>>> print(open('my_file08.tsv').read())   # TSV, C-alpha atoms and all ligand atoms
chain	number	residue	atom	x	y	z
A	1	MET	CA	39.00	-27.41	-104.78
A	2	THR	CA	39.38	-27.50	-101.01
A	3	GLU	CA	42.65	-29.16	-99.98
A	4	PRO	CA	41.56	-32.13	-97.88
A	5	ALA	CA	43.18	-31.98	-94.45
A	6	LEU	CA	43.43	-35.75	-94.19
A	7	SER	CA	46.07	-35.67	-91.48
A	8	THR	CA	43.63	-34.03	-89.06
A	9	ALA	CA	43.12	-36.30	-86.05
A	10	GLY	CA	39.36	-35.92	-85.82
A	11	LEU	CA	37.62	-35.90	-89.17
A	12	VAL	CA	33.84	-35.79	-89.46
A	13	LYS	CA	32.25	-36.77	-92.77
A	14	ILE	CA	28.58	-36.37	-93.60
A	15	CYS	CA	27.73	-38.49	-96.63
A	16	GLY	CA	24.83	-38.82	-99.04
A	17	LEU	CA	23.80	-35.17	-99.11
A	18	THR	CA	21.14	-34.38	-101.68
A	19	ASP	CA	20.07	-30.81	-101.00
A	20	GLU	CA	21.41	-27.41	-100.04
A	21	ALA	CA	19.89	-27.49	-96.55
A	22	GLY	CA	21.86	-30.64	-95.78
A	23	VAL	CA	25.11	-29.20	-97.13
A	24	GLU	CA	24.62	-26.00	-95.14
A	25	ALA	CA	23.84	-27.97	-91.98
A	26	ALA	CA	27.01	-30.02	-92.44
A	27	THR	CA	29.34	-27.12	-93.20
A	28	GLY	CA	27.65	-24.91	-90.60
A	29	ALA	CA	28.22	-27.55	-87.94
A	30	GLY	CA	31.88	-27.84	-88.96
A	31	ALA	CA	32.02	-31.13	-90.86
A	32	ASP	CA	35.39	-31.63	-92.60
A	33	LEU	CA	34.11	-33.74	-95.48
A	34	VAL	CA	30.78	-33.87	-97.29
A	35	GLY	CA	29.89	-36.80	-99.52
A	36	LEU	CA	27.85	-36.89	-102.74
A	37	VAL	CA	26.70	-40.27	-104.04
A	38	PHE	CA	27.19	-41.09	-107.73
A	39	VAL	CA	25.73	-44.59	-107.56
A	40	PRO	CA	22.66	-44.50	-109.85
A	41	LYS	CA	20.73	-47.17	-107.92
A	42	SER	CA	21.20	-45.37	-104.58
A	43	ARG	CA	18.32	-43.38	-103.16
A	44	ARG	CA	20.95	-40.71	-102.43
A	45	TYR	CA	22.15	-40.45	-106.03
A	46	VAL	CA	22.64	-36.89	-107.22
A	47	PRO	CA	22.95	-36.14	-110.94
A	48	PRO	CA	26.14	-34.23	-111.82
A	49	ALA	CA	24.39	-30.87	-112.46
A	50	GLN	CA	22.73	-30.97	-109.03
A	51	ALA	CA	25.96	-32.20	-107.44
A	52	ALA	CA	27.85	-29.25	-108.94
A	53	ALA	CA	25.52	-26.82	-107.16
A	54	LEU	CA	25.92	-28.69	-103.87
A	55	ALA	CA	29.71	-28.80	-104.23
A	56	ALA	CA	29.72	-25.06	-104.86
A	57	ARG	CA	27.83	-24.56	-101.58
A	58	ALA	CA	30.45	-26.57	-99.69
A	59	ARG	CA	33.44	-24.97	-101.42
A	60	GLY	CA	35.94	-23.44	-99.03
A	61	GLU	CA	34.22	-24.92	-95.98
A	62	ALA	CA	34.51	-28.67	-96.41
A	63	SER	CA	36.19	-31.06	-98.82
A	64	VAL	CA	33.82	-32.69	-101.27
A	65	VAL	CA	33.94	-36.48	-101.64
A	66	GLY	CA	32.40	-38.26	-104.62
A	67	LEU	CA	31.18	-41.78	-103.73
A	68	PHE	CA	31.29	-44.43	-106.48
A	69	GLN	CA	30.65	-48.16	-106.54
A	70	ASP	CA	32.68	-50.26	-109.00
A	71	PRO	CA	32.82	-47.34	-111.45
A	72	ALA	CA	34.09	-47.41	-115.00
A	73	LEU	CA	36.78	-44.76	-115.43
A	74	SER	CA	34.48	-43.00	-117.87
A	75	GLU	CA	31.84	-42.60	-115.13
A	76	ILE	CA	34.30	-40.80	-112.88
A	77	GLU	CA	35.51	-38.68	-115.81
A	78	GLU	CA	31.96	-37.66	-116.64
A	79	VAL	CA	31.27	-36.58	-113.07
A	80	LEU	CA	34.57	-34.70	-112.78
A	81	GLU	CA	33.77	-32.72	-115.91
A	82	ALA	CA	30.82	-31.20	-114.03
A	83	VAL	CA	31.77	-31.46	-110.36
A	84	PRO	CA	35.15	-30.41	-108.91
A	85	LEU	CA	35.64	-33.17	-106.34
A	86	ASP	CA	38.42	-33.20	-103.73
A	87	LEU	CA	38.39	-36.94	-102.98
A	88	LEU	CA	36.92	-40.13	-104.44
A	89	GLN	CA	35.31	-42.80	-102.25
A	90	LEU	CA	35.28	-46.33	-103.70
A	91	HIS	CA	32.53	-48.29	-101.98
A	92	GLY	CA	32.14	-51.48	-103.96
A	93	ARG	CA	34.35	-54.44	-104.75
A	94	GLU	CA	37.29	-52.41	-106.02
A	95	SER	CA	40.80	-53.89	-105.83
A	96	GLU	CA	44.08	-52.24	-104.85
A	97	GLU	CA	44.87	-52.04	-108.56
A	98	ASP	CA	41.69	-50.03	-109.05
A	99	VAL	CA	42.66	-47.76	-106.16
A	100	LEU	CA	46.08	-47.09	-107.67
A	101	ARG	CA	44.73	-46.59	-111.18
A	102	ILE	CA	42.03	-44.20	-110.02
A	103	GLN	CA	44.12	-42.31	-107.48
A	104	THR	CA	46.99	-41.81	-109.93
A	105	GLY	CA	44.84	-41.34	-113.02
A	106	PHE	CA	42.66	-38.61	-111.56
A	107	GLY	CA	45.23	-37.16	-109.15
A	108	LEU	CA	42.75	-37.30	-106.29
A	109	PRO	CA	43.05	-39.05	-102.91
A	110	VAL	CA	40.91	-42.17	-102.61
A	111	ILE	CA	38.93	-43.42	-99.62
A	112	ARG	CA	38.55	-47.20	-99.96
A	113	ALA	CA	35.66	-48.88	-98.12
A	114	PHE	CA	36.13	-52.28	-96.48
A	115	GLY	CA	33.20	-54.35	-95.18
A	116	VAL	CA	34.04	-55.54	-91.68
A	117	ALA	CA	32.53	-58.30	-89.56
A	118	SER	CA	35.63	-59.79	-87.94
A	119	GLU	CA	39.32	-59.03	-87.43
A	120	GLY	CA	40.21	-60.96	-90.57
A	121	ASP	CA	38.35	-58.42	-92.69
A	122	LEU	CA	40.75	-55.72	-91.54
A	123	TYR	CA	43.88	-57.47	-92.82
A	124	GLU	CA	42.96	-56.74	-96.43
A	125	SER	CA	43.27	-53.04	-95.68
A	126	ALA	CA	46.84	-53.30	-94.35
A	127	GLY	CA	49.17	-51.28	-96.52
A	128	SER	CA	46.40	-50.18	-98.87
A	129	ASN	CA	47.47	-47.38	-101.21
A	130	ALA	CA	44.28	-45.48	-100.46
A	131	ALA	CA	44.67	-42.15	-98.66
A	132	LEU	CA	42.13	-43.40	-96.11
A	133	ALA	CA	40.41	-46.70	-95.41
A	134	LEU	CA	36.76	-46.67	-94.37
A	135	TYR	CA	35.53	-49.52	-92.17
A	136	ASP	CA	31.82	-50.13	-92.72
A	137	ALA	CA	29.51	-53.00	-91.78
A	138	LYS	CA	28.98	-55.66	-94.43
A	139	PRO	CA	25.63	-55.30	-96.21
A	140	PRO	CA	22.87	-57.02	-94.19
A	141	THR	CA	21.54	-60.23	-95.74
A	142	GLY	CA	18.96	-59.44	-98.37
A	143	ALA	CA	19.78	-55.73	-98.41
A	144	GLY	CA	18.37	-54.36	-101.63
A	145	ALA	CA	19.73	-50.84	-101.87
A	146	ALA	CA	23.28	-49.96	-102.90
A	147	GLY	CA	24.73	-49.07	-99.50
A	148	GLY	CA	24.26	-46.76	-96.55
A	149	HIS	CA	22.34	-49.49	-94.75
A	150	GLY	CA	22.64	-48.08	-91.24
A	151	ALA	CA	24.14	-51.35	-90.00
A	152	THR	CA	26.79	-51.39	-87.26
A	153	PHE	CA	29.43	-54.03	-86.58
A	154	ASP	CA	31.33	-55.11	-83.48
A	155	TRP	CA	33.69	-52.17	-82.96
A	156	SER	CA	35.91	-54.24	-80.64
A	157	VAL	CA	37.43	-55.92	-83.73
A	158	LEU	CA	38.98	-52.55	-84.61
A	159	ARG	CA	41.65	-53.28	-82.03
A	160	ALA	CA	43.22	-55.29	-84.87
A	161	ALA	CA	43.22	-52.31	-87.27
A	162	PRO	CA	46.60	-52.18	-89.00
A	163	GLY	CA	46.84	-48.40	-88.60
A	164	SER	CA	48.08	-47.75	-92.12
A	165	PRO	CA	46.34	-46.31	-93.97
A	166	ARG	CA	44.51	-44.15	-91.45
A	167	TRP	CA	40.81	-44.98	-91.30
A	168	LEU	CA	37.30	-43.68	-90.78
A	169	LEU	CA	34.63	-45.64	-88.92
A	170	ALA	CA	31.25	-45.86	-90.69
A	171	GLY	CA	28.14	-48.00	-90.49
A	172	GLY	CA	25.05	-47.29	-88.44
A	173	LEU	CA	26.42	-44.22	-86.70
A	174	THR	CA	23.90	-41.76	-85.26
A	175	PRO	CA	23.90	-38.69	-83.01
A	176	GLN	CA	23.12	-41.11	-80.16
A	177	ASN	CA	26.03	-43.51	-80.62
A	178	ALA	CA	28.67	-41.12	-82.01
A	179	ALA	CA	30.31	-40.52	-78.61
A	180	ASP	CA	30.48	-44.27	-77.90
A	181	ALA	CA	32.01	-44.80	-81.33
A	182	VAL	CA	34.72	-42.23	-80.62
A	183	LEU	CA	35.38	-43.83	-77.23
A	184	ALA	CA	35.68	-47.25	-78.86
A	185	CYS	CA	38.18	-46.00	-81.44
A	186	ARG	CA	40.25	-43.38	-79.64
A	187	GLY	CA	43.88	-44.40	-79.27
A	188	LEU	CA	43.61	-47.14	-81.87
A	189	PRO	CA	46.35	-46.84	-84.49
A	190	GLY	CA	45.22	-44.88	-87.50
A	191	PHE	CA	41.81	-43.76	-86.23
A	192	ALA	CA	40.98	-40.65	-88.25
A	193	GLY	CA	37.29	-39.95	-87.61
A	194	LEU	CA	33.65	-40.85	-88.23
A	195	ASP	CA	31.45	-41.04	-91.32
A	196	VAL	CA	27.65	-41.06	-91.28
A	197	SER	CA	24.81	-41.17	-93.76
A	198	SER	CA	21.49	-42.81	-92.84
A	199	GLY	CA	21.84	-41.99	-89.14
A	200	VAL	CA	21.30	-38.29	-89.87
A	201	GLU	CA	18.17	-38.80	-91.97
A	202	SER	CA	14.50	-38.29	-91.11
A	203	ALA	CA	13.45	-40.84	-93.76
A	204	PRO	CA	15.49	-43.04	-96.10
A	205	GLY	CA	17.54	-40.71	-98.29
A	206	VAL	CA	16.25	-37.50	-96.65
A	207	LYS	CA	18.86	-35.67	-94.58
A	208	ASP	CA	17.71	-33.94	-91.38
A	209	PRO	CA	19.67	-30.71	-90.67
A	210	SER	CA	19.09	-30.96	-86.94
A	211	ARG	CA	20.40	-34.55	-86.79
A	212	ILE	CA	23.44	-33.51	-88.83
A	213	ALA	CA	24.16	-30.71	-86.34
A	214	ARG	CA	23.69	-33.06	-83.38
A	215	PHE	CA	25.95	-35.71	-84.92
A	216	VAL	CA	28.79	-33.26	-85.55
A	217	ALA	CA	28.44	-31.71	-82.09
A	218	ALA	CA	28.39	-35.09	-80.32
A	219	THR	CA	31.40	-36.31	-82.29
A	220	ARG	CA	33.40	-33.14	-81.71
A	221	ALA	CA	32.62	-33.16	-77.97
A	222	ALA	CA	33.74	-36.78	-77.63
A	223	MET	CA	36.89	-36.15	-79.65
A	224	ALA	CA	37.76	-33.13	-77.51
A	225	ALA	CA	37.26	-35.15	-74.33
A	226	ALA	CA	39.32	-38.05	-75.64
A	227	PRO	CA	41.90	-36.72	-78.10
A	228	GLN	CA	43.57	-39.15	-80.48
A	229	GLU	CA	47.29	-39.42	-79.83
A	230	SER	CA	48.54	-41.62	-82.63
B	301	LIG	O1	24.59	-44.04	-99.09
B	301	LIG	C1	24.48	-44.76	-100.10
B	301	LIG	O2	23.46	-44.74	-100.77
B	301	LIG	C2	25.61	-45.66	-100.50
B	301	LIG	C3	25.54	-46.30	-101.72
B	301	LIG	C4	26.55	-47.15	-102.12
B	301	LIG	C5	27.63	-47.39	-101.29
B	301	LIG	C6	27.71	-46.77	-100.05
B	301	LIG	C7	26.72	-45.89	-99.63
B	301	LIG	N1	26.75	-45.27	-98.40
B	301	LIG	C8	27.86	-45.24	-97.51
B	301	LIG	O3	27.84	-46.29	-96.58
B	301	LIG	C9	28.49	-45.90	-95.38
B	301	LIG	C10	27.66	-46.24	-94.18
B	301	LIG	O4	26.43	-45.59	-94.25
B	301	LIG	P1	25.40	-45.53	-92.99
B	301	LIG	O5	25.87	-44.40	-92.12
B	301	LIG	O6	25.42	-46.84	-92.32
B	301	LIG	O7	24.09	-45.22	-93.61
B	301	LIG	C11	28.75	-44.40	-95.54
B	301	LIG	O8	30.07	-44.15	-95.98
B	301	LIG	C12	27.79	-44.01	-96.61
B	301	LIG	O9	28.16	-42.89	-97.30
>>> encode(input="my_file08.tsv", output="structure tokens")
Amino acid sequence: MTEPALSTAGLVKICGLTDEAGVEAATGAGADLVGLVFVPKSRRYVPPAQAAALAARARGEASVVGLFQDPALSEIEEVLEAVPLDLLQLHGRESEEDVLRIQTGFGLPVIRAFGVASEGDLYESAGSNAALALYDAKPPTGAGAAGGHGATFDWSVLRAAPGSPRWLLAGGLTPQNAADAVLACRGLPGFAGLDVSSGVESAPGVKDPSRIARFVAATRAAMAAAPQES
């Protein structure tokens, strides 16, 4: 396993990778975290055997995050038997009890996703036991797929972020808006980095190596120009 450097001020996570070209683009560009989706109804779902090969590609270069949605413990166990994950992302309706049970039970740090539309949605994350919170847009009305909708939310509400746990911004990020996202979040308590999935795809579920490289470069440049102090 690759020890996740979660205290790093500027994390970049590329999520929903499904092939080796995408993993190589992410690690080659210097992403800190790569995400594999274990939600069967997602177009980015990777079966454990395929995920094991992708995780092996990332090994030593980036930490590997397994994304689940309201999983049974047995689902996580089954994946972990085949894929050595470094972190678990819970991206459904999980409770704090679930976070504690899963984080303690599997001995892996958890990233807990919170759907955000207004300041009030951030309060639920205050004092979460998760290693990191992830602030994503709420699913658009009528959205059919599991997640990774490419929807943004009003980043100005993040001024109310509690700061603990530290957090990643997600939802509708792209190579074009990554710098603005960093500018909107820099200096806010707990800001830890950016997470992207659909914004680095050429078609739904198909990662584009050149967009991945541009996203990481744009994010890194903005972070270097505006370092996070807290
Ligand atoms: O990507 C998926 O298929 C997915 C499925 C179930 C839950 C979450 C999912 N994606 C995550 O959603 C955020 C935002 O994605 P986007 O950049 O707006 O496309 C991100 O963490 C994805 O990994």
>>> residues_near_ligand(input="my_file08.tsv", ligand="ligand LIG 301 (chain B)", cutoff="9 Å", atoms="only C-alpha atoms and all ligand atoms", output="ChimeraX atom specification")
/A:13-17,35-45,67-69,89-92,113,134-137,145-152,168-174,195-201,205
>>> write_last_selection(input="my_file08.tsv", atoms="C-alpha atoms", output="PDB file, in the frame of the given file")
ATOM      1  CA  LYS A  13      32.250 -36.770 -92.770  1.00  0.00           C
ATOM      2  CA  ILE A  14      28.580 -36.370 -93.600  1.00  0.00           C
ATOM      3  CA  CYS A  15      27.730 -38.490 -96.630  1.00  0.00           C
ATOM      4  CA  GLY A  16      24.830 -38.820 -99.040  1.00  0.00           C
ATOM      5  CA  LEU A  17      23.800 -35.170 -99.110  1.00  0.00           C
ATOM      6  CA  GLY A  35      29.890 -36.800 -99.520  1.00  0.00           C
ATOM      7  CA  LEU A  36      27.850 -36.890-102.740  1.00  0.00           C
ATOM      8  CA  VAL A  37      26.700 -40.270-104.040  1.00  0.00           C
ATOM      9  CA  PHE A  38      27.190 -41.090-107.730  1.00  0.00           C
ATOM     10  CA  VAL A  39      25.730 -44.590-107.560  1.00  0.00           C
ATOM     11  CA  PRO A  40      22.660 -44.500-109.850  1.00  0.00           C
ATOM     12  CA  LYS A  41      20.730 -47.170-107.920  1.00  0.00           C
ATOM     13  CA  SER A  42      21.200 -45.370-104.580  1.00  0.00           C
ATOM     14  CA  ARG A  43      18.320 -43.380-103.160  1.00  0.00           C
ATOM     15  CA  ARG A  44      20.950 -40.710-102.430  1.00  0.00           C
ATOM     16  CA  TYR A  45      22.150 -40.450-106.030  1.00  0.00           C
ATOM     17  CA  LEU A  67      31.180 -41.780-103.730  1.00  0.00           C
ATOM     18  CA  PHE A  68      31.290 -44.430-106.480  1.00  0.00           C
ATOM     19  CA  GLN A  69      30.650 -48.160-106.540  1.00  0.00           C
ATOM     20  CA  GLN A  89      35.310 -42.800-102.250  1.00  0.00           C
ATOM     21  CA  LEU A  90      35.280 -46.330-103.700  1.00  0.00           C
ATOM     22  CA  HIS A  91      32.530 -48.290-101.980  1.00  0.00           C
ATOM     23  CA  GLY A  92      32.140 -51.480-103.960  1.00  0.00           C
ATOM     24  CA  ALA A 113      35.660 -48.880 -98.120  1.00  0.00           C
ATOM     25  CA  LEU A 134      36.760 -46.670 -94.370  1.00  0.00           C
ATOM     26  CA  TYR A 135      35.530 -49.520 -92.170  1.00  0.00           C
ATOM     27  CA  ASP A 136      31.820 -50.130 -92.720  1.00  0.00           C
ATOM     28  CA  ALA A 137      29.510 -53.000 -91.780  1.00  0.00           C
ATOM     29  CA  ALA A 145      19.730 -50.840-101.870  1.00  0.00           C
ATOM     30  CA  ALA A 146      23.280 -49.960-102.900  1.00  0.00           C
ATOM     31  CA  GLY A 147      24.730 -49.070 -99.500  1.00  0.00           C
ATOM     32  CA  GLY A 148      24.260 -46.760 -96.550  1.00  0.00           C
ATOM     33  CA  HIS A 149      22.340 -49.490 -94.750  1.00  0.00           C
ATOM     34  CA  GLY A 150      22.640 -48.080 -91.240  1.00  0.00           C
ATOM     35  CA  ALA A 151      24.140 -51.350 -90.000  1.00  0.00           C
ATOM     36  CA  THR A 152      26.790 -51.390 -87.260  1.00  0.00           C
ATOM     37  CA  LEU A 168      37.300 -43.680 -90.780  1.00  0.00           C
ATOM     38  CA  LEU A 169      34.630 -45.640 -88.920  1.00  0.00           C
ATOM     39  CA  ALA A 170      31.250 -45.860 -90.690  1.00  0.00           C
ATOM     40  CA  GLY A 171      28.140 -48.000 -90.490  1.00  0.00           C
ATOM     41  CA  GLY A 172      25.050 -47.290 -88.440  1.00  0.00           C
ATOM     42  CA  LEU A 173      26.420 -44.220 -86.700  1.00  0.00           C
ATOM     43  CA  THR A 174      23.900 -41.760 -85.260  1.00  0.00           C
ATOM     44  CA  ASP A 195      31.450 -41.040 -91.320  1.00  0.00           C
ATOM     45  CA  VAL A 196      27.650 -41.060 -91.280  1.00  0.00           C
ATOM     46  CA  SER A 197      24.810 -41.170 -93.760  1.00  0.00           C
ATOM     47  CA  SER A 198      21.490 -42.810 -92.840  1.00  0.00           C
ATOM     48  CA  GLY A 199      21.840 -41.990 -89.140  1.00  0.00           C
ATOM     49  CA  VAL A 200      21.300 -38.290 -89.870  1.00  0.00           C
ATOM     50  CA  GLU A 201      18.170 -38.800 -91.970  1.00  0.00           C
ATOM     51  CA  GLY A 205      17.540 -40.710 -98.290  1.00  0.00           C
TER      52      GLY A 205
END
>>> closest_residue(input="my_file08.tsv", among="A:Gly10, A:Asp19, A:Gly66, A:Leu122", to="Ala226 of chain A", atoms="all atoms listed in the file")
A:Gly10
>>> closest_residue(input="my_file08.tsv", among="A:Glu81, A:Glu24, A:Asp86, A:Glu94", to="Ser210 of chain A", atoms="all atoms listed in the file")
A:Glu24
>>> closest_residue(input="my_file08.tsv", among="A:Lys207, A:Met223, A:Ala217, A:Val23", to="Val182 of chain A", atoms="all atoms listed in the file")
A:Met223
>>> atom_distance(input="my_file08.tsv", atom1="atom CA of Gly22 of chain A", atom2="atom CA of Gly60 of chain A")
16.1 Å
>>> closest_residue(input="my_file08.tsv", among="A:Ala161, A:Ala25, A:Ala53, A:Val65", to="Gly120 of chain A", atoms="only C-alpha atoms")
A:Ala161
>>> residues_around(input="my_file08.tsv", residues="Gly105 of chain A", least_positions_apart="4", cutoff="12 Å", atoms="all atoms listed in the file", output="PyMOL selection string")
chain A and resi 73-74+76-77+88+97-101+109-110
>>> closest_residue(input="my_file08.tsv", among="A:Ala117, A:Leu33, A:Leu183, A:Leu54", to="Ala21 of chain A", atoms="all atoms listed in the file")
A:Leu54
>>> atom_distance(input="my_file08.tsv", atom1="atom CA of Pro165 of chain A", atom2="atom CA of Ala126 of chain A")
7.0 Å
>>> closest_residue(input="my_file08.tsv", among="A:Ile102, A:Ile212, A:Leu80, A:Leu188", to="Asn129 of chain A", atoms="all atoms listed in the file")
A:Ile102
>>> atom_distance(input="my_file08.tsv", atom1="atom CA of Leu108 of chain A", atom2="atom CA of Asp121 of chain A")
25.5 Å
>>> residues_near_point(input="my_file08.tsv", point="(32.5, -49.8, -77.3)", cutoff="9 Å", atoms="only C-alpha atoms", output="mmCIF file with C-alpha atoms, in the coordinates of the input")
data_model
loop_
_atom_site.group_PDB
_atom_site.id
_atom_site.type_symbol
_atom_site.label_atom_id
_atom_site.label_comp_id
_atom_site.auth_asym_id
_atom_site.auth_seq_id
_atom_site.Cartn_x
_atom_site.Cartn_y
_atom_site.Cartn_z
ATOM 1 C CA ASP A 154 31.330 -55.110 -83.480
ATOM 2 C CA TRP A 155 33.690 -52.170 -82.960
ATOM 3 C CA SER A 156 35.910 -54.240 -80.640
ATOM 4 C CA ASP A 180 30.480 -44.270 -77.900
ATOM 5 C CA ALA A 181 32.010 -44.800 -81.330
ATOM 6 C CA VAL A 182 34.720 -42.230 -80.620
ATOM 7 C CA LEU A 183 35.380 -43.830 -77.230
ATOM 8 C CA ALA A 184 35.680 -47.250 -78.860
ATOM 9 C CA CYS A 185 38.180 -46.000 -81.440
#
>>> residues_around(input="my_file08.tsv", residues="Gln50 of chain A", least_positions_apart="6", cutoff="10 Å", atoms="only C-alpha atoms", output="VMD selection string")
chain A and resid 18 to 20 82 to 83
>>> write_last_selection(input="my_file08.tsv", atoms="C-alpha atoms", output="PDB file, in the coordinates of the input")
ATOM      1  CA  THR A  18      21.140 -34.380-101.680  1.00  0.00           C
ATOM      2  CA  ASP A  19      20.070 -30.810-101.000  1.00  0.00           C
ATOM      3  CA  GLU A  20      21.410 -27.410-100.040  1.00  0.00           C
ATOM      4  CA  ALA A  82      30.820 -31.200-114.030  1.00  0.00           C
ATOM      5  CA  VAL A  83      31.770 -31.460-110.360  1.00  0.00           C
TER       6      VAL A  83
END
>>> axis_aligned_box(input="my_file08.tsv", around="segment 94-109 of chain A", padding_each_side="5 Å", output="AutoDock Vina command-line options")
--center_x 42.1 --center_y -45.5 --center_z -108.0 --size_x 19.7 --size_y 26.7 --size_z 20.1
